[in-house]
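Novice: Handing you this structure, nothing more for now.
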Amino acid sequence: MVRTVRAFLEFCYIARCNVIDSRALDELQDVLARFHHYRTIFQECGVRPNGFSLPRQHSLTHYTFLIREFGAPNGLCSSITESKHIQAVQKPWQQSSRYQALGQMLLTNQRLDKVAAACVDFTNHGMLQGTCLVDALSQLSKPSIHLFQTVKADQYITRH
């Protein structure tokens, strides 16, 4: 079992390198073959009678071809696209009525994009600085000073 985990970790370390040459690709294939060979121990021992399968395990077989075609992934992580999927698909799906949900989901995403664009625009114009309470208090304090000065000036004029 330790050999299985070791082979998997070696695969991960090689695949995350910044520069991958032909020798590294051959080593990657060798490590992947060892991983597939060793993982049967989980079935044989009865730990995982239905087989040993990690999430995204099938994609490991495509790494060598994809690295040859597109270059080293440079530590590419799928969590970024996963978080975008949650934001763009899962949350709007949960908010929909689930009847013809695609239109509702698209409308939700369109509205969220507009709110985000408005937030950026308001920030650029200085409209989102501070809190509403601080802004309201500052506005209330300004007119009272001007009103007091105006009253004093009117009293001065009427006396003299």
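Ordering of the structure tokens sets the chain letters (A, B, ...); residue numbers start at 1 within each chain; ligands are numbered from 1 in the order shown.
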Can you tell me, as a ChimeraX atom specification, which residues in segment 36-132 of chain A count as helix (DSSP H, G or I) by DSSP?
Specialist: /A:36-38,41-44,58-70,79-95,101-124,132
Novice: I'd like to know which of A:Thr64, A:Val31, A:Val47, A:Gln139 is closest to Tyr13 of chain A, using only C-alpha atoms.
Specialist: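 Smallest separation from Tyr13 of chain A among the options: A:Val31.
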Novice: Could you work out how far atom CA of Ile80 of chain A lies from atom CA of Asp26 of chain A, giving the answer in Å with one decimal?
Specialist: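 These two atoms are separated by 28.9 Å.
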Novice: Would you work out the distance separating atom CA of Asn124 of chain A from atom CA of Leu112 of chain A, expressed in Å to one decimal?
Specialist: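 Separating atom CA of Asn124 of chain A from atom CA of Leu112 of chain A is a distance of 18.5 Å.
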Novice: With only C-alpha atoms as the atoms that count, which of A:Ala15, A:Val89, A:Leu54, A:Val2 lies nearest to Gly71 of chain A?
Specialist: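 Of A:Ala15, A:Val89, A:Leu54, A:Val2, the one nearest Gly71 of chain A, counting only C-alpha atoms, is A:Ala15.
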Novice: Segment 32-36 of chain A: which residues within 10 Å, counting only C-alpha atoms, same-chain residues fewer than 4 positions away excluded, as an NGL selection string?
Specialist: :A and (3-12 or 26-28 or 40-41 or 52 or 60-61 or 63-64)
Novice: To one decimal place in Å, what is the distance between atom CA of Ser53 of chain A and atom CA of Tyr38 of chain A?
Specialist: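 Here the two named atoms are 12.3 Å from each other.
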Novice: Rank A:Ile67, A:Gln57, A:Pro73, A:Asn109 by their smallest atom-to-atom distance to His85 of chain A, using only C-alpha atoms, and report the top residue only.
Specialist: A:Asn109
